[in-house]
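Enquirer: So I've got this file, model_18.cif, and it contains mmCIF, C-alpha atoms:
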```cif
data_work
loop_
_atom_site.label_atom_id
_atom_site.label_comp_id
_atom_site.auth_asym_id
_atom_site.auth_seq_id
_atom_site.Cartn_x
_atom_site.Cartn_y
_atom_site.Cartn_z
CA MET J 1 14.39 -2.33 22.97
CA GLY J 2 12.17 -2.38 19.92
CA ARG J 3 12.83 -0.88 16.51
CA LEU J 4 9.83 1.46 16.87
CA ASP J 5 10.11 2.48 20.51
CA ASP J 6 8.43 5.85 21.20
CA LYS J 7 6.89 5.97 17.70
CA VAL J 8 3.17 6.45 17.11
CA ALA J 9 1.70 4.51 14.19
CA VAL J 10 -1.69 4.69 12.52
CA VAL J 11 -2.64 1.56 10.60
CA THR J 12 -5.76 1.73 8.44
CA GLY J 13 -7.72 -1.42 7.69
CA SER J 14 -6.07 -3.09 10.67
CA GLY J 15 -9.02 -5.15 11.89
CA ARG J 16 -8.13 -8.18 9.80
CA GLY J 17 -5.57 -9.57 7.38
CA ILE J 18 -2.50 -7.57 6.42
CA GLY J 19 -3.38 -4.50 8.47
CA ARG J 20 -3.87 -6.53 11.63
CA GLU J 21 -0.51 -8.26 11.21
CA ILE J 22 1.21 -4.91 10.68
CA ALA J 23 -0.44 -3.38 13.76
CA LEU J 24 0.52 -6.33 15.96
CA LEU J 25 4.12 -6.46 14.74
CA MET J 26 4.57 -2.70 15.09
CA ALA J 27 3.23 -2.86 18.63
CA SER J 28 5.61 -5.73 19.45
CA GLU J 29 8.47 -3.49 18.26
CA GLY J 30 7.44 -0.73 20.67
CA ALA J 31 5.11 1.45 18.61
CA LYS J 32 1.97 2.97 20.08
CA VAL J 33 -0.80 2.06 17.64
CA VAL J 34 -4.03 3.57 16.39
CA ALA J 35 -5.89 0.62 14.90
CA ASN J 36 -8.37 1.86 12.30
CA ASP J 37 -11.05 -0.24 10.65
CA LEU J 38 -14.62 0.44 9.62
CA GLY J 39 -15.31 -3.21 10.40
CA GLY J 40 -17.38 -3.79 7.28
CA ASN J 41 -17.59 -6.35 4.52
CA THR J 42 -15.05 -6.71 1.73
CA ASP J 43 -17.26 -4.58 -0.56
CA GLY J 44 -17.22 -1.70 1.92
CA THR J 45 -20.72 -2.16 3.34
CA GLY J 46 -21.56 -2.57 7.00
CA GLY J 47 -19.49 -1.93 10.11
CA GLY J 48 -18.22 -3.51 13.28
CA SER J 49 -15.91 -3.34 16.30
CA ILE J 50 -12.94 -5.33 15.05
CA ALA J 51 -10.58 -2.34 15.37
CA GLU J 52 -11.15 -2.32 19.12
CA GLU J 53 -10.55 -6.08 19.26
CA VAL J 54 -7.10 -5.57 17.71
CA ALA J 55 -6.37 -2.65 20.02
CA GLN J 56 -7.35 -4.80 23.01
CA GLU J 57 -5.14 -7.63 21.77
CA ILE J 58 -2.21 -5.22 21.70
CA ARG J 59 -3.00 -3.95 25.19
CA ASP J 60 -3.34 -7.50 26.51
CA ALA J 61 0.17 -8.19 25.21
CA GLY J 62 1.51 -5.21 27.16
CA GLY J 63 1.43 -2.64 24.36
CA GLU J 64 -0.39 0.65 23.91
CA ALA J 65 -3.22 1.02 21.40
CA VAL J 66 -6.52 2.74 20.74
CA SER J 67 -9.11 2.09 18.06
CA ASN J 68 -10.68 4.25 15.37
CA THR J 69 -13.67 3.19 13.25
CA GLN J 70 -13.96 6.15 10.88
CA SER J 71 -14.07 5.73 7.10
CA VAL J 72 -10.85 6.59 5.27
CA ALA J 73 -12.92 7.50 2.21
CA GLU J 74 -13.94 10.77 3.87
CA VAL J 75 -11.78 13.78 4.71
CA ALA J 76 -13.20 13.89 8.21
CA GLY J 77 -12.28 10.25 8.69
CA GLY J 78 -8.68 10.86 7.69
CA GLU J 79 -8.47 13.86 10.00
CA SER J 80 -9.86 11.76 12.85
CA LEU J 81 -6.92 9.34 12.56
CA LEU J 82 -4.43 12.10 13.31
CA GLN J 83 -6.64 13.38 16.11
CA SER J 84 -6.87 9.91 17.65
CA ALA J 85 -3.07 9.69 17.66
CA LEU J 86 -2.70 13.16 19.18
CA ASP J 87 -5.37 12.58 21.84
CA ALA J 88 -4.05 9.19 22.91
CA PHE J 89 -0.30 9.53 22.45
CA GLY J 90 0.53 13.18 21.81
CA GLY J 91 1.92 12.78 18.30
CA MET J 92 2.10 10.76 15.11
CA ASP J 93 5.11 9.35 13.25
CA ILE J 94 3.93 6.55 10.95
CA LEU J 95 0.98 6.18 8.59
CA ILE J 96 0.17 2.83 7.00
CA ASN J 97 -2.42 3.32 4.24
CA ASN J 98 -3.70 -0.25 4.03
CA ALA J 99 -7.52 -0.06 4.08
CA GLY J 100 -9.29 -1.38 1.00
CA ILE J 101 -12.37 -2.98 -0.52
CA LEU J 102 -13.16 -5.00 -3.63
CA ARG J 103 -16.01 -4.81 -6.13
CA ASP J 104 -14.72 -6.94 -8.96
CA ARG J 105 -16.55 -6.89 -12.28
CA THR J 106 -15.55 -6.66 -15.91
CA ILE J 107 -15.95 -3.24 -17.47
CA TYR J 108 -19.09 -4.47 -19.25
CA ASN J 109 -20.85 -5.00 -15.91
CA MET J 110 -19.18 -2.43 -13.66
CA GLU J 111 -21.67 0.12 -12.39
CA GLU J 112 -20.75 3.69 -11.48
CA SER J 113 -21.25 2.84 -7.81
CA ASP J 114 -18.71 -0.01 -8.09
CA TRP J 115 -16.16 2.35 -9.61
CA ASP J 116 -16.79 5.21 -7.18
CA ALA J 117 -16.69 3.06 -4.03
CA VAL J 118 -13.36 1.40 -4.84
CA ILE J 119 -11.69 4.64 -5.97
CA ALA J 120 -12.99 6.38 -2.84
CA VAL J 121 -11.59 3.89 -0.34
CA HIS J 122 -8.28 3.21 -2.08
CA LEU J 123 -7.13 6.28 -4.00
CA LYS J 124 -9.11 9.01 -2.27
CA GLY J 125 -8.53 7.21 1.03
CA HIS J 126 -4.79 7.62 0.64
CA TYR J 127 -5.33 11.35 0.12
CA CYS J 128 -7.76 11.69 3.03
CA CYS J 129 -5.33 10.10 5.47
CA SER J 130 -2.05 11.47 4.09
CA ARG J 131 -2.99 15.15 3.76
CA PRO J 132 -3.67 15.86 7.46
CA PHE J 133 -0.55 13.91 8.42
CA ALA J 134 1.56 15.82 5.88
CA LYS J 135 0.23 19.16 7.17
CA TYR J 136 1.00 18.07 10.74
CA ILE J 137 4.56 17.16 9.71
CA ARG J 138 5.12 20.56 8.07
CA GLU J 139 3.45 22.68 10.73
CA ASN J 140 5.34 20.96 13.56
CA ASN J 141 8.57 20.24 11.68
CA ARG J 142 8.07 16.62 12.71
CA THR J 143 11.09 14.99 11.09
CA GLY J 144 11.78 11.33 10.40
CA CYS J 145 8.19 10.30 9.76
CA ARG J 146 7.07 7.46 7.50
CA ILE J 147 4.19 6.92 5.09
CA ILE J 148 3.72 3.44 3.63
CA ASN J 149 1.12 3.08 0.90
CA PHE J 150 -0.46 -0.06 -0.53
CA SER J 151 -0.60 -0.66 -4.27
CA SER J 152 -1.11 -4.01 -6.01
CA VAL J 153 0.04 -6.05 -8.99
CA SER J 154 -3.55 -5.58 -10.21
CA GLY J 155 -2.64 -1.96 -10.93
CA LEU J 156 1.07 -2.33 -11.61
CA PHE J 157 0.68 -5.28 -14.00
CA GLY J 158 -3.09 -5.46 -14.61
CA ASN J 159 -5.67 -8.08 -13.68
CA PHE J 160 -8.85 -9.18 -15.45
CA GLY J 161 -12.06 -7.91 -13.86
CA GLN J 162 -10.45 -5.26 -11.67
CA ALA J 163 -10.51 -2.04 -13.69
CA ASN J 164 -11.63 0.00 -10.67
CA TYR J 165 -9.18 -1.61 -8.24
CA GLY J 166 -6.33 -1.60 -10.76
CA ALA J 167 -6.83 2.07 -11.61
CA ALA J 168 -6.82 2.98 -7.92
CA LYS J 169 -3.73 0.93 -7.16
CA ALA J 170 -1.79 2.32 -10.12
CA GLY J 171 -2.80 5.81 -9.01
CA ILE J 172 -1.51 5.12 -5.51
CA ALA J 173 1.96 4.35 -6.89
CA GLY J 174 1.98 7.73 -8.65
CA PHE J 175 0.59 9.46 -5.56
CA ALA J 176 3.42 8.01 -3.48
CA ARG J 177 6.11 9.24 -5.88
CA VAL J 178 4.80 12.80 -5.65
CA LEU J 179 4.37 12.65 -1.87
CA ALA J 180 7.96 11.45 -1.50
CA LEU J 181 9.17 14.58 -3.31
CA GLU J 182 6.98 16.94 -1.32
CA LEU J 183 7.89 15.55 2.11
CA ALA J 184 11.60 14.94 1.49
CA LYS J 185 12.67 18.21 3.16
CA TYR J 186 11.21 16.95 6.43
CA GLY J 187 13.02 13.61 6.26
CA CYS J 188 9.72 11.79 5.76
CA THR J 189 9.99 8.75 3.51
CA VAL J 190 7.10 7.55 1.36
CA ASN J 191 7.24 4.00 0.04
CA THR J 192 4.77 1.64 -1.57
CA ILE J 193 3.99 -2.01 -0.89
CA SER J 194 2.72 -4.44 -3.49
CA PRO J 195 1.52 -7.33 -1.32
CA GLY J 196 0.90 -10.94 -2.19
CA ALA J 197 -1.15 -12.65 0.52
CA LEU J 198 -4.12 -14.90 1.05
CA THR J 199 -6.72 -12.87 2.93
CA ARG J 200 -10.50 -12.64 3.09
CA MET J 201 -10.28 -10.32 0.08
CA THR J 202 -8.12 -12.55 -2.10
CA ILE J 203 -9.17 -16.08 -1.10
CA PRO J 204 -12.60 -15.76 -2.82
CA LEU J 205 -10.84 -14.85 -6.08
CA ARG J 206 -9.05 -18.19 -5.99
CA GLU J 207 -12.17 -20.08 -4.95
CA ASN J 208 -14.20 -18.51 -7.75
CA ARG J 209 -11.68 -20.01 -10.17
CA GLY J 210 -12.42 -23.43 -8.70
CA GLU J 211 -9.15 -23.65 -6.77
CA THR J 212 -8.90 -25.31 -3.38
CA ILE J 213 -6.70 -23.65 -0.78
CA GLU J 214 -5.05 -26.02 1.68
CA GLU J 215 -4.22 -25.12 5.28
CA LYS J 216 -0.49 -25.34 4.51
CA GLU J 217 -0.88 -22.75 1.75
CA LEU J 218 -2.70 -20.41 4.13
CA GLU J 219 0.32 -20.56 6.44
CA GLN J 220 2.86 -20.12 3.64
CA GLY J 221 0.93 -17.33 1.93
CA GLY J 222 -0.78 -15.56 4.81
CA PRO J 223 -0.71 -11.83 5.61
CA GLN J 224 1.95 -12.29 8.29
CA HIS J 225 4.54 -12.38 5.49
CA VAL J 226 3.73 -8.79 4.46
CA ALA J 227 4.16 -7.14 7.86
CA PRO J 228 7.97 -7.40 8.32
CA ILE J 229 8.97 -5.17 5.37
CA CYS J 230 6.44 -2.56 6.52
CA VAL J 231 7.92 -2.50 10.01
CA TRP J 232 11.45 -2.41 8.59
CA LEU J 233 10.63 0.55 6.34
CA ALA J 234 9.14 2.35 9.34
CA GLY J 235 12.39 2.05 11.28
CA LYS J 236 15.56 4.13 11.35
CA GLU J 237 17.34 1.65 9.06
CA ALA J 238 15.15 2.89 6.19
CA ALA J 239 15.76 6.61 6.69
CA SER J 240 17.32 7.03 3.23
CA ILE J 241 14.88 4.83 1.32
CA THR J 242 11.96 6.63 -0.32
CA SER J 243 9.76 6.51 -3.44
CA GLU J 244 10.32 2.77 -3.90
CA ILE J 245 7.90 -0.09 -4.52
CA PHE J 246 8.50 -3.33 -2.63
CA HIS J 247 6.69 -6.53 -3.55
CA THR J 248 6.38 -8.94 -0.64
CA GLY J 249 4.62 -12.10 0.44
CA ARG J 250 5.08 -15.85 0.89
CA GLY J 251 8.40 -15.41 2.64
CA GLY J 252 9.88 -13.19 -0.05
CA VAL J 253 10.70 -9.56 -0.71
CA ALA J 254 11.51 -7.82 -3.98
CA ILE J 255 12.03 -4.31 -5.28
CA MET J 256 10.04 -3.33 -8.36
CA GLN J 257 11.10 -1.38 -11.38
CA GLN J 258 9.85 2.20 -11.60
CA PRO J 259 8.85 3.84 -14.90
CA ARG J 260 11.97 4.69 -16.87
CA VAL J 261 12.74 5.52 -20.51
CA ILE J 262 14.34 2.41 -22.02
CA ARG J 263 15.34 3.80 -25.41
CA GLN J 264 14.48 6.92 -27.38
CA PHE J 265 15.06 8.54 -30.76
CA HIS J 266 15.09 12.28 -31.42
CA LYS J 267 14.82 14.29 -34.63
CA SER J 268 16.16 17.81 -34.15
CA ASN J 269 15.10 19.26 -37.51
CA GLY J 270 11.43 18.44 -37.73
CA THR J 271 8.51 16.20 -36.75
CA LEU J 272 8.87 12.45 -37.05
CA THR J 273 7.09 11.14 -40.12
CA LEU J 274 4.85 8.10 -40.23
CA GLY J 275 7.40 6.42 -42.45
CA GLU J 276 10.15 7.00 -39.90
CA LEU J 277 7.91 5.63 -37.17
CA ASP J 278 7.44 2.48 -39.29
CA GLY J 279 11.09 1.76 -38.63
CA LEU J 280 11.58 3.26 -35.19
CA VAL J 281 8.64 1.75 -33.27
CA PRO J 282 9.78 -1.86 -33.89
CA GLU J 283 13.23 -0.88 -32.58
CA LEU J 284 11.64 0.59 -29.46
CA LEU J 285 9.65 -2.60 -28.91
CA ASP J 286 12.78 -4.71 -29.38
CA ALA J 287 14.54 -2.61 -26.73
CA LYS J 288 11.62 -3.06 -24.35
CA ARG J 289 11.56 -6.82 -24.85
CA ALA J 290 15.29 -7.00 -24.13
CA ASN J 291 14.80 -4.88 -21.01
CA ASP J 292 11.89 -7.07 -19.87
CA GLU J 293 13.98 -10.20 -20.33
CA ALA J 294 16.87 -8.74 -18.37
CA ALA J 295 14.47 -7.77 -15.56
CA ARG J 296 12.91 -11.23 -15.62
CA LYS J 297 16.32 -12.82 -15.09
CA SER J 298 17.51 -10.42 -12.41
CA GLY J 299 14.14 -10.65 -10.67
CA ALA J 300 14.17 -14.44 -10.31
CA PRO J 301 14.01 -15.36 -6.60
CA ILE J 302 17.25 -16.14 -4.77
CA GLU J 303 16.69 -18.83 -2.15
CA LEU J 304 17.98 -17.96 1.30
#
```
Would it be possible to restate this file's structure as structure tokens?
Expert:
Amino acid sequence: MGRLDDKVAVVTGSGRGIGREIALLMASEGAKVVANDLGGNTDGTGGGSIAEEVAQEIRDAGGEAVSNTQSVAEVAGGESLLQSALDAFGGMDILINNAGILRDRTIYNMEESDWDAVIAVHLKGHYCCSRPFAKYIRENNRTGCRIINFSSVSGLFGNFGQANYGAAKAGIAGFARVLALELAKYGCTVNTISPGALTRMTIPLRENRGETIEEKELEQGGPQHVAPICVWLAGKEAASITSEIFHTGRGGVAIMQQPRVIRQFHKSNGTLTLGELDGLVPELLDAKRANDEAARKSGAPIEL
């Protein structure tokens, strides 16, 4: 018996890296899988048949899978994912929004096409794939479904040279929080993953900084470390967990802090003056620093 027996999962960007590992692990836990991948380069250009290769690998291992090569950046592509699941398996229960591209440049050199392409695949792609699935859930009262979105520390913390990618990934976290509210009545959870893994998208970033990546590091930091939390969140054990952000990779898992008010002041009899703000803003910053320090301590890894 697998944790995902009788479930139908769609995994975008599953031809390589993190998506491939998720698709394979979900299939090993009993899920029927739609493996989606355009099969292109890391900048979103080109195409290929790698989605079918992953689907065949699942079938060779005794699982059930079909491939889909449509672009998630288009509404029709997102709709085709649901249709592929319905045609092949008669339903859909899990959506993994993993597909992504990179076009890294500083804001001084970032062209409109670089911005548009990254936003389209990441942020719009989450919309294109999630909307038809959400409508299917509502129209069929399909309870207990799962949506798992992919953000990044580049958006949650910020990263030099990735204004387009960071903006998209921060937007995905907000998108997930809203989706969790809208789908709650159907028992559908919506969670977000912030992955840390060495893949064909991230390895060049290290190499461009002049760093050498050893084979041992590839094993310790590979995409296989991201898949388990995704599969766990897709299972029945996670039925009450929604609107959370999990950071995972390199054998670790963490839960991330969501936006919260740390400290506030209120003046009931008028507008705050600039002079009052001279005193209050430093107090707010002190409270934030104390909160950050407390989070840094509680967030230190605990060795298992």
Enquirer: Please compute the CA of Leu24 in chain J-CA of Thr248 in chain J distance, one decimal, in Å.
Expert: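 Taking CA of Leu24 in chain J as the start and CA of Thr248 in chain J as the end point, the length is 17.8 Å.
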Enquirer: Once you count only C-alpha atoms, what closest atom pair and distance in Å to one decimal does each residue of range 220-293 of chain J within 9 Å of range 165-178 of chain J have, with rows by chain and rising residue number, as CSV?
Expert:
```
residue,atom,partner,partner_atom,distance
J:Thr242,CA,J:Arg177,CA,8.5
J:Ser243,CA,J:Arg177,CA,5.2
J:Glu244,CA,J:Arg177,CA,8.0
J:Ile245,CA,J:Ala173,CA,7.8
```
Enquirer: Report, in Å with one decimal, the straight-line distance from CA of Val231 in chain J to CA of Ala55 in chain J.
Expert: 17.4 Å
Enquirer: Taking all atoms listed in the file into account, name the residue in J:Ala294, J:Ala238, J:Ala227, J:Ala99 that is nearest to Val253 in chain J.
Expert: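 Using all atoms listed in the file, the shortest distance to Val253 in chain J belongs to J:Ala227.
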Enquirer: Quick one: of J:Ala65, J:Ile50, J:Ile147, J:Ser28, who's nearest to Met1 in chain J, counting all atoms listed in the file?
Expert: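 The answer is J:Ser28, which sits nearest to Met1 in chain J.
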Enquirer: Please evaluate the PyMOL selection byres ((chain J and resi 77-82) around 10) against the structure above and give the resulting residues as a ChimeraX atom specification.
Expert: /J:9-12,34-36,67-76,83-87,90-93,95,125-133,136
Enquirer: What separation in Å, quoted to one decimal, exists between CA of Ala27 in chain J and CA of Glu139 in chain J?
Expert: 26.7 Å
Enquirer: Please determine the residues with any atom at most 9 Å from (17.3, 2.2, 14.3) (coordinates as given in the file, with only C-alpha atoms counting) and report them as a list in words.
Expert: Gly2, Arg3, Leu4, Gly235, Lys236, Glu237, Ala238 and Ala239 of chain J
Enquirer: Restricting the calculation to only C-alpha atoms: of J:Gly275, J:Phe160, J:Glu21, J:Arg263, which residue gets closest to Arg105 in chain J?
Expert: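 Closest residue, counting only C-alpha atoms: J:Phe160.
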Enquirer: Could you work out an axis-aligned bounding box for all listed atoms of range 118-132 of chain J, with 8 Å added on each of the six sides, and give its centre and edge lengths in Å to one decimal, as AutoDock Vina command-line options?
Expert:
```
--center_x -7.7 --center_y 8.6 --center_z 0.7 --size_x 27.3 --size_y 30.5 --size_z 29.4
```
Enquirer: Taking the file above as input, evaluate the PyMOL selection byres ((chain J and resi 116-121) around 7) and report the hits as a PyMOL selection string.
Expert: chain J and resi 72-73+100-103+112-115+122-125+164-165+168
Enquirer: Enumerate, as a short mmCIF file (atom, residue, chain, number, x, y, z; two decimals) with C-alpha atoms, in the coordinates of the input, the residues matched when the PyMOL selection byres ((chain J and resi 265) around 9) is run on the file above.
Expert:
```
data_model
loop_
_atom_site.label_atom_id
_atom_site.label_comp_id
_atom_site.auth_asym_id
_atom_site.auth_seq_id
_atom_site.Cartn_x
_atom_site.Cartn_y
_atom_site.Cartn_z
CA ARG J 263 15.34 3.80 -25.41
CA GLN J 264 14.48 6.92 -27.38
CA HIS J 266 15.09 12.28 -31.42
CA LYS J 267 14.82 14.29 -34.63
CA LEU J 280 11.58 3.26 -35.19
CA LEU J 284 11.64 0.59 -29.46
#
```
Enquirer: Please identify all polymer residues within 7 Å of Gly144 in chain J, counting all atoms listed in the file, omitting same-chain residues fewer than 5 positions from it, and present them as a ChimeraX atom specification.
Expert: /J:186-188
Enquirer: Once you count only C-alpha atoms, which residues end up no further than 8 Å from (-8.9, -4.1, 9.4) in the file's frame, shown as a ChimeraX atom specification?
Expert: /J:12-20,35-39,50-51,99
Enquirer: Smallest atom-to-atom distance to Ala61 in chain J: which of J:Gly161, J:Gly30, J:Gly252, J:Pro301, using all atoms listed in the file?
Expert: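 Going through J:Gly161, J:Gly30, J:Gly252, J:Pro301 one by one, the smallest distance to Ala61 in chain J is for J:Gly30.
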Enquirer: For Pro195 in chain J, list every protein, DNA or RNA residue within 8 Å, evaluated using all atoms listed in the file, and leave out those in the same chain fewer than 4 positions away; present the list as an MDAnalysis selection string.
Expert: chainID J and resid 150:153 226 247:249
Enquirer: Of the residues J:Asn141, J:Asn159, J:Ser240, J:Ser298, which is the one nearest to Ala180 in chain J, using all atoms listed in the file?
Expert: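 Counting all atoms listed in the file, the residue closest to Ala180 in chain J is J:Ser240.
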Enquirer: Keeping N, CA and C atoms, write range 134-145 of chain J of the structure just shown out as a PDB file, in the first residue's frame.
Expert:
```pdb
ATOM      1  N   ALA J 134      -8.992  24.159  -9.887  1.00  0.00           N
ATOM      2  CA  ALA J 134      -9.895  24.688  -8.861  1.00  0.00           C
ATOM      3  C   ALA J 134     -11.348  24.618  -9.328  1.00  0.00           C
ATOM      4  N   LYS J 135     -11.603  24.970 -10.592  1.00  0.00           N
ATOM      5  CA  LYS J 135     -12.968  24.893 -11.121  1.00  0.00           C
ATOM      6  C   LYS J 135     -13.461  23.448 -11.134  1.00  0.00           C
ATOM      7  N   TYR J 136     -12.588  22.538 -11.483  1.00  0.00           N
ATOM      8  CA  TYR J 136     -12.935  21.108 -11.491  1.00  0.00           C
ATOM      9  C   TYR J 136     -13.284  20.639 -10.082  1.00  0.00           C
ATOM     10  N   ILE J 137     -12.522  21.081  -9.086  1.00  0.00           N
ATOM     11  CA  ILE J 137     -12.792  20.721  -7.698  1.00  0.00           C
ATOM     12  C   ILE J 137     -14.174  21.216  -7.277  1.00  0.00           C
ATOM     13  N   ARG J 138     -14.472  22.477  -7.592  1.00  0.00           N
ATOM     14  CA  ARG J 138     -15.760  23.055  -7.190  1.00  0.00           C
ATOM     15  C   ARG J 138     -16.931  22.405  -7.928  1.00  0.00           C
ATOM     16  N   GLU J 139     -16.795  22.264  -9.230  1.00  0.00           N
ATOM     17  CA  GLU J 139     -17.909  21.756 -10.036  1.00  0.00           C
ATOM     18  C   GLU J 139     -18.228  20.295  -9.735  1.00  0.00           C
ATOM     19  N   ASN J 140     -17.217  19.543  -9.285  1.00  0.00           N
ATOM     20  CA  ASN J 140     -17.416  18.121  -9.015  1.00  0.00           C
ATOM     21  C   ASN J 140     -17.390  17.793  -7.526  1.00  0.00           C
ATOM     22  N   ASN J 141     -17.293  18.851  -6.694  1.00  0.00           N
ATOM     23  CA  ASN J 141     -17.174  18.660  -5.250  1.00  0.00           C
ATOM     24  C   ASN J 141     -16.117  17.602  -4.939  1.00  0.00           C
ATOM     25  N   ARG J 142     -14.988  17.741  -5.589  1.00  0.00           N
ATOM     26  CA  ARG J 142     -13.865  16.798  -5.449  1.00  0.00           C
ATOM     27  C   ARG J 142     -13.086  17.180  -4.190  1.00  0.00           C
ATOM     28  N   THR J 143     -13.359  16.518  -3.097  1.00  0.00           N
ATOM     29  CA  THR J 143     -12.770  16.895  -1.817  1.00  0.00           C
ATOM     30  C   THR J 143     -11.406  16.232  -1.610  1.00  0.00           C
ATOM     31  N   GLY J 144     -10.642  16.814  -0.693  1.00  0.00           N
ATOM     32  CA  GLY J 144      -9.360  16.229  -0.306  1.00  0.00           C
ATOM     33  C   GLY J 144      -8.244  16.391  -1.304  1.00  0.00           C
ATOM     34  N   CYS J 145      -8.351  17.369  -2.192  1.00  0.00           N
ATOM     35  CA  CYS J 145      -7.307  17.573  -3.193  1.00  0.00           C
ATOM     36  C   CYS J 145      -6.133  18.367  -2.604  1.00  0.00           C
TER      37      CYS J 145
END
```
